[in-house]
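Novice: Sharing target_1.cif, mmCIF, C-alpha atoms:
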```cif
data_model
#
loop_
_atom_site.label_atom_id
_atom_site.label_comp_id
_atom_site.auth_asym_id
_atom_site.auth_seq_id
_atom_site.Cartn_x
_atom_site.Cartn_y
_atom_site.Cartn_z
CA ARG A 270 3.61 22.15 9.52
CA ASP A 271 0.67 19.75 9.52
CA LEU A 272 -2.12 19.04 7.07
CA HIS A 273 -4.13 22.01 8.25
CA SER A 274 -1.34 24.59 8.24
CA PHE A 275 -0.79 24.48 4.49
CA PRO A 276 -2.49 27.32 2.59
CA THR A 277 -6.17 26.61 2.05
CA ARG A 278 -6.89 25.42 -1.48
CA ARG A 279 -10.24 25.02 -3.19
CA SER A 280 -11.22 23.79 -6.64
CA SER A 281 -14.35 24.58 -8.63
CA ASP A 282 -15.90 23.71 -11.98
CA LEU A 283 -16.04 25.98 -15.02
CA VAL A 284 -19.20 27.87 -15.78
CA VAL A 285 -20.75 26.63 -19.04
CA GLY A 286 -19.09 28.43 -21.95
CA GLN A 287 -16.32 29.87 -19.78
CA SER A 288 -12.72 29.44 -20.90
CA VAL A 289 -10.02 28.25 -18.53
CA GLU A 290 -8.25 31.59 -18.85
CA ASP A 291 -11.38 33.55 -17.96
CA ALA A 292 -12.09 31.26 -15.01
CA VAL A 293 -8.60 31.75 -13.61
CA ALA A 294 -8.89 35.52 -14.03
CA ALA A 295 -12.29 35.52 -12.29
CA ALA A 296 -10.95 33.45 -9.41
CA LYS A 297 -8.01 35.81 -8.91
CA SER A 298 -10.40 38.74 -8.64
CA VAL A 299 -12.21 37.22 -5.65
CA ASN A 300 -11.42 38.89 -2.34
CA GLY A 301 -9.06 36.75 -0.27
CA VAL A 302 -7.73 34.68 -3.16
CA THR A 303 -3.95 34.94 -3.34
CA SER A 304 -3.43 32.82 -6.44
CA ALA A 305 -5.35 30.71 -8.93
CA GLN A 306 -4.48 28.21 -11.63
CA PRO A 307 -6.11 25.34 -13.59
CA ASN A 308 -6.73 22.07 -11.75
CA TYR A 309 -4.70 19.97 -14.19
CA VAL A 310 -5.68 16.38 -15.01
CA TYR A 311 -3.25 13.53 -14.35
CA GLU A 312 -3.51 9.90 -15.46
CA LEU A 313 -1.91 6.55 -14.72
CA VAL A 314 1.29 5.59 -16.49
CA ASP A 315 0.81 2.43 -18.55
CA ASP A 316 3.37 -0.18 -19.58
CA ARG A 317 6.25 0.52 -21.92
CA ASP A 318 6.29 -0.57 -25.54
CA GLU A 319 7.31 -4.18 -26.11
CA GLU A 320 9.88 -3.03 -28.66
CA ASP A 321 11.72 -1.21 -25.89
CA VAL A 322 12.50 -4.50 -24.13
CA SER A 323 15.81 -6.09 -24.95
CA GLY A 324 15.78 -9.81 -25.61
CA GLU A 325 19.05 -10.26 -23.75
CA ASP A 326 19.02 -12.59 -20.75
CA LEU A 327 21.02 -10.87 -18.04
CA ALA A 328 21.40 -13.86 -15.74
CA SER A 329 24.94 -14.42 -16.96
CA GLN A 330 25.86 -10.83 -16.08
CA ILE A 331 24.11 -10.24 -12.80
CA GLY A 332 23.29 -13.10 -10.44
CA LEU A 333 21.24 -13.15 -7.27
CA GLU A 334 24.39 -14.04 -5.35
CA SER A 335 24.16 -11.69 -2.41
CA ALA A 336 24.17 -12.81 1.19
CA PHE A 337 20.45 -12.03 1.16
CA ALA A 338 19.63 -13.85 -2.09
CA VAL A 339 15.87 -13.98 -2.52
CA ASN A 340 13.95 -17.19 -3.05
CA ASP A 341 10.95 -15.64 -4.82
CA PRO A 342 10.39 -17.75 -7.96
CA ILE A 343 9.69 -14.95 -10.46
CA ALA A 344 12.69 -12.98 -9.18
CA LYS A 345 14.94 -15.74 -10.48
CA ILE A 346 13.72 -15.22 -14.07
CA SER A 347 15.79 -12.56 -15.83
CA SER A 348 14.63 -13.05 -19.41
CA PRO A 349 12.33 -10.21 -20.57
CA THR A 350 10.68 -12.59 -23.03
CA ALA A 351 9.46 -14.98 -20.33
CA ARG A 352 5.75 -14.76 -19.54
CA ARG A 353 6.53 -13.80 -15.95
CA ASN A 354 9.90 -12.30 -15.13
CA GLN A 355 11.79 -9.70 -13.12
CA TYR A 356 13.96 -8.46 -15.93
CA TRP A 357 13.83 -4.97 -14.45
CA ALA A 358 15.51 -6.19 -11.25
CA TYR A 359 18.52 -7.37 -13.23
CA SER A 360 18.66 -4.42 -15.63
CA THR A 361 18.72 -1.98 -12.68
CA ASN A 362 21.33 -4.00 -10.76
CA LEU A 363 19.04 -4.57 -7.79
CA PRO A 364 20.78 -7.74 -6.56
CA LYS A 365 23.92 -5.72 -5.87
CA ALA A 366 21.86 -3.07 -4.06
CA TRP A 367 20.24 -5.75 -1.90
CA SER A 368 23.68 -7.11 -1.07
CA ASN A 369 24.88 -3.67 0.01
CA ALA A 370 21.77 -2.78 2.00
CA GLY A 371 21.15 -6.12 3.69
CA ASP A 372 17.77 -7.05 5.07
CA SER A 373 16.01 -3.67 5.21
CA SER A 374 12.66 -5.06 6.36
CA HIS A 375 10.39 -2.24 7.55
CA ARG A 376 13.26 0.18 8.07
CA SER A 377 11.76 2.58 5.55
CA THR A 378 8.41 3.54 4.05
CA VAL A 379 7.34 4.68 0.59
CA ALA A 380 4.10 6.62 0.12
CA VAL A 381 2.46 5.38 -3.08
CA LEU A 382 0.25 8.07 -4.63
CA ASP A 383 -1.80 6.15 -7.12
CA SER A 384 -5.11 4.29 -7.37
CA SER A 385 -6.25 2.03 -4.55
CA ILE A 386 -4.25 -1.02 -3.45
CA TYR A 387 -5.38 -4.63 -3.12
CA ALA A 388 -3.91 -4.96 0.36
CA ALA A 389 -5.03 -8.57 0.88
CA HIS A 390 -2.63 -9.90 -1.76
CA GLU A 391 -0.51 -12.64 -0.21
CA ASP A 392 2.71 -11.16 -1.58
CA LEU A 393 1.98 -7.62 -0.36
CA SER A 394 -0.25 -7.61 2.74
CA THR A 395 2.51 -7.72 5.38
CA ASN A 396 4.11 -4.55 4.00
CA VAL A 397 1.06 -2.28 3.65
CA LEU A 398 0.14 0.30 6.30
CA SER A 399 -3.56 -0.40 5.75
CA GLY A 400 -4.70 1.45 8.87
CA TYR A 401 -3.29 4.72 7.53
CA ALA A 402 -4.45 4.49 3.90
CA TYR A 403 -5.92 7.77 2.68
CA ASP A 404 -8.32 8.72 -0.12
CA ALA A 405 -7.22 12.16 -1.31
CA MET A 406 -9.96 12.23 -3.95
CA ASN A 407 -12.66 12.24 -1.27
CA ARG A 408 -10.59 13.51 1.69
CA THR A 409 -11.24 10.50 3.90
CA HIS A 410 -9.73 7.27 5.18
CA MET A 411 -9.37 4.75 2.37
CA SER A 412 -10.98 1.35 2.61
CA LEU A 413 -8.58 -0.91 0.74
CA GLY A 414 -9.81 -3.57 -1.66
CA THR A 415 -10.01 -7.03 -0.11
CA SER A 416 -11.71 -9.11 -2.80
CA ASP A 417 -10.99 -7.76 -6.28
CA PRO A 418 -7.31 -7.63 -7.30
CA THR A 419 -8.18 -5.37 -10.23
CA SER A 420 -10.16 -2.80 -8.23
CA ASN A 421 -9.33 0.82 -8.97
CA MET A 422 -7.62 -0.06 -12.27
CA GLY A 423 -5.22 -2.49 -10.53
CA HIS A 424 -2.44 0.07 -11.12
CA GLY A 425 -1.84 0.95 -7.48
CA SER A 426 -1.39 -2.72 -6.56
CA HIS A 427 1.00 -3.17 -9.49
CA ILE A 428 3.18 -0.23 -8.42
CA ALA A 429 3.07 -1.15 -4.72
CA GLY A 430 4.16 -4.67 -5.63
CA ILE A 431 7.13 -3.47 -7.66
CA ILE A 432 8.20 -1.39 -4.67
CA ALA A 433 7.36 -3.63 -1.74
CA ALA A 434 6.17 -7.13 -2.68
CA THR A 435 7.35 -9.35 0.16
CA SER A 436 10.90 -10.43 -0.62
CA ASN A 437 12.36 -13.82 0.22
CA ASN A 438 9.02 -15.46 1.07
CA GLY A 439 9.13 -18.06 -1.70
CA ARG A 440 6.19 -16.48 -3.53
CA GLY A 441 5.71 -14.27 -6.56
CA ILE A 442 8.20 -11.45 -7.07
CA ALA A 443 10.65 -9.61 -4.86
CA GLY A 444 9.92 -5.93 -4.26
CA ALA A 445 12.70 -3.52 -5.21
CA SER A 446 12.97 -2.17 -1.67
CA TYR A 447 13.50 -5.54 0.03
CA ASN A 448 10.47 -5.28 2.33
CA CYS A 449 9.92 -1.60 2.99
CA GLN A 450 6.46 -0.50 4.09
CA VAL A 451 3.94 1.13 1.77
CA LEU A 452 1.63 4.01 2.74
CA PRO A 453 -1.26 3.91 0.22
CA VAL A 454 -2.66 7.28 -0.83
CA MET A 455 -5.35 7.30 -3.52
CA VAL A 456 -5.04 10.31 -5.83
CA ILE A 457 -6.57 8.62 -8.90
CA ASN A 458 -10.23 7.61 -9.25
CA ASP A 459 -11.71 4.42 -10.72
CA ALA A 460 -11.63 5.98 -14.19
CA GLY A 461 -7.87 6.45 -13.96
CA LYS A 462 -8.03 10.23 -13.52
CA GLY A 463 -6.68 12.53 -10.83
CA ASN A 464 -5.88 16.23 -10.61
CA THR A 465 -3.64 18.84 -9.11
CA ALA A 466 -5.81 19.15 -6.01
CA SER A 467 -5.85 15.43 -5.21
CA ILE A 468 -2.10 15.04 -5.72
CA ILE A 469 -1.26 18.06 -3.58
CA LEU A 470 -3.48 16.73 -0.78
CA GLY A 471 -1.85 13.32 -1.15
CA ILE A 472 1.66 14.75 -0.81
CA THR A 473 0.56 16.86 2.13
CA TYR A 474 -0.95 13.84 3.88
CA ALA A 475 2.20 11.78 3.36
CA ALA A 476 4.30 14.62 4.79
CA GLN A 477 2.04 14.83 7.82
CA MET A 478 2.33 11.08 8.43
CA ALA A 479 6.12 11.29 8.12
CA ARG A 480 6.15 13.99 10.79
CA GLN A 481 3.83 12.04 13.10
CA HIS A 482 5.59 8.69 12.62
CA PRO A 483 9.35 9.24 12.35
CA GLU A 484 9.85 5.54 13.09
CA TRP A 485 8.49 4.73 9.64
CA GLY A 486 11.43 6.34 7.87
CA LEU A 487 9.14 7.85 5.23
CA ARG A 488 11.47 9.75 2.91
CA THR A 489 10.07 8.83 -0.50
CA ILE A 490 6.82 9.48 -2.39
CA ASN A 491 6.21 7.52 -5.60
CA MET A 492 3.96 8.95 -8.31
CA SER A 493 3.66 6.74 -11.40
CA LEU A 494 1.44 9.26 -13.12
CA ARG A 495 1.52 11.07 -16.42
CA VAL A 496 0.50 14.52 -17.49
CA GLY A 497 0.03 16.45 -20.72
CA SER A 498 2.39 19.23 -21.74
CA SER A 499 -0.18 21.82 -20.66
CA ALA A 500 0.53 21.00 -17.03
CA ASN A 501 4.09 22.26 -17.27
CA GLY A 502 2.65 25.37 -15.64
CA ASP A 503 1.39 23.49 -12.57
CA LYS A 504 3.06 25.84 -10.13
CA LEU A 505 1.11 24.69 -7.08
CA LEU A 506 2.21 21.11 -7.52
CA HIS A 507 5.78 22.25 -8.01
CA GLN A 508 5.61 24.27 -4.79
CA THR A 509 4.23 21.28 -2.89
CA ILE A 510 6.94 18.94 -4.20
CA LYS A 511 9.55 21.51 -3.20
CA SER A 512 8.00 21.90 0.26
CA ALA A 513 8.01 18.13 0.80
CA LEU A 514 11.76 18.11 0.18
CA ASP A 515 12.72 21.35 1.90
CA ASP A 516 10.47 21.06 4.97
CA TYR A 517 10.19 17.29 5.46
CA GLY A 518 13.18 15.75 3.68
CA ILE A 519 10.86 13.75 1.39
CA VAL A 520 11.76 13.29 -2.27
CA CYS A 521 9.06 12.75 -4.88
CA VAL A 522 9.93 10.10 -7.47
CA CYS A 523 7.95 10.47 -10.69
CA ALA A 524 7.59 8.04 -13.61
CA GLY A 525 8.87 8.93 -17.03
CA GLY A 526 10.10 7.33 -20.24
CA ASN A 527 7.37 4.79 -20.89
CA ARG A 528 6.43 4.63 -24.58
CA LYS A 529 9.21 7.12 -25.33
CA THR A 530 6.90 9.92 -24.25
CA ASN A 531 7.87 12.90 -22.12
CA TYR A 532 5.10 13.28 -19.57
CA GLN A 533 7.01 13.64 -16.36
CA ILE A 534 5.31 15.37 -13.48
CA GLY A 535 6.62 18.81 -12.69
CA ARG A 536 7.90 21.61 -14.83
CA ALA A 537 11.31 21.39 -16.42
CA SER A 538 12.53 23.66 -13.63
CA CYS A 539 11.18 21.31 -10.92
CA ARG A 540 14.55 20.00 -9.84
CA GLU A 541 13.23 18.83 -6.49
CA ARG A 542 11.68 15.69 -7.98
CA VAL A 543 13.42 12.62 -9.36
#
```
Give the structure from the file, written as structure tokens.

Specialist:
Amino acid sequence: RDLHSFPTRRSSDLVVGQSVEDAVAAAKSVNGVTSAQPNYVYELVDDRDEEDVSGEDLASQIGLESAFAVNDPIAKISSPTARRNQYWAYSTNLPKAWSNAGDSSHRSTVAVLDSSIYAAHEDLSTNVLSGYAYDAMNRTHMSLGTSDPTSNMGHGSHIAGIIAATSNNGRGIAGASYNCQVLPVMVINDAGKGNTASIILGITYAAQMARQHPEWGLRTINMSLRVGSSANGDKLLHQTIKSALDDYGIVCVCAGGNRKTNYQIGRASCRERV
């Protein structure tokens, strides 16, 4: 299936004084409507609490000793108390993964559903599929930021860097993927808000691109977003996540655990997402 073969979905605003329940009931009564639900609001996931960070320096336990040891300066700093560090690379045993995988440069692609990305960053630009960036909020090609590193909350650039900052280039950090490509898909606006409709369109677009460009090896969608407990009933998003896996072999990876809060995307029964 392509972007246009998915069931047609439309969103609309509430009438003044109308409850969500009444609006859903009214929508379901319209001829031709097969289902209706709230357009849930999603937000960006912020950093974890400082108290969650262990003070232990892991350098003595896990060294960057693989055949593909990176030379990125921040990647060599394992202490979580250092001003700039890649503690998370050590605590997740990434050096061993890099050793097992070898140089995986551009052998895979991750679709990052987030805010916009500062694609001109010197430690990221070579790994971003800028020509295919998509704005799911406005249903159009996305013009990536080229001057302001903090544009669109800066969150998308932060997440893209964790995933795919250029590794072994002697600058900044080393991305977890060891130089995979990033497909930027904006599902969050400048105010840090997105919704069910934008995320579904973003997943659908990523699936379409995976089908059209098998050489990319796009098998992963990252969504570092959070949601309130009310969205546990977001059935349409669950169906789309399931379709991405069942029909395209794409797994959706969703953030969770920051600030000891349970706000993972997808209902408890949404076993198709990680």

Novice: Which of these, A:Ser360, A:Gln477, A:Ser304, A:Thr465, has the shortest distance to A:Leu494 once you count all atoms listed in the file?

Specialist: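 Nearest to A:Leu494: A:Thr465.
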
Novice: Using all atoms listed in the file, find the one residue out of A:Leu382, A:Val289, A:Val339, A:Val451 that sits nearest to A:Leu398.

Specialist: A:Val451

Novice: At what distance in Å, to one decimal, does atom CA of A:Ser377 lie from atom CA of A:Ile343?

Specialist: 23.8 Å

Novice: Nearest residue to A:Asn407 out of A:Gly463, A:Asn362, A:Ile386, A:Asp392, using all atoms listed in the file?

Specialist: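 Ranked by minimum distance to A:Asn407, first place goes to A:Gly463.
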
Novice: I'd like to know which of A:Leu514, A:Ala479, A:Ile432, A:Met406 is closest to A:Val456, using all atoms listed in the file.

Specialist: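 Nearest to A:Val456: A:Met406.
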
Novice: Report, in Å with one decimal, the straight-line distance from atom CA of A:Ala460 to atom CA of A:Val310.

Specialist: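 Taking atom CA of A:Ala460 and atom CA of A:Val310, their separation equals 12.0 Å.
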
Novice: Just say which residues the PyMOL selection byres ((chain A and resi 450) around 6) picks in this file, as JSON, numbers by chain.

Specialist: {"A": [375, 378, 396, 397, 449, 451]}

Novice: For A:Ala433, which residue among A:Arg352, A:Lys365, A:His390, A:Lys504 is the nearest when counting only C-alpha atoms?

Specialist: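 With only C-alpha atoms as the atom set, the closest residue is A:His390.
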
Novice: Could you please determine the separation between atom CA of A:Val496 and atom CA of A:Val314 in Å, to one decimal place?

Specialist: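 These atoms are spaced 9.0 Å apart.
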
Novice: Neighbours of A:Gln355 within 8 Å (only C-alpha atoms; same-chain residues fewer than 5 positions away dropped), as a ChimeraX atom specification?

Specialist: /A:343-349,442

Novice: For A:Ser385, which of A:Leu363, A:His424, A:Val285, A:Thr350 is the closest residue, counting all atoms listed in the file?

Specialist: A:His424
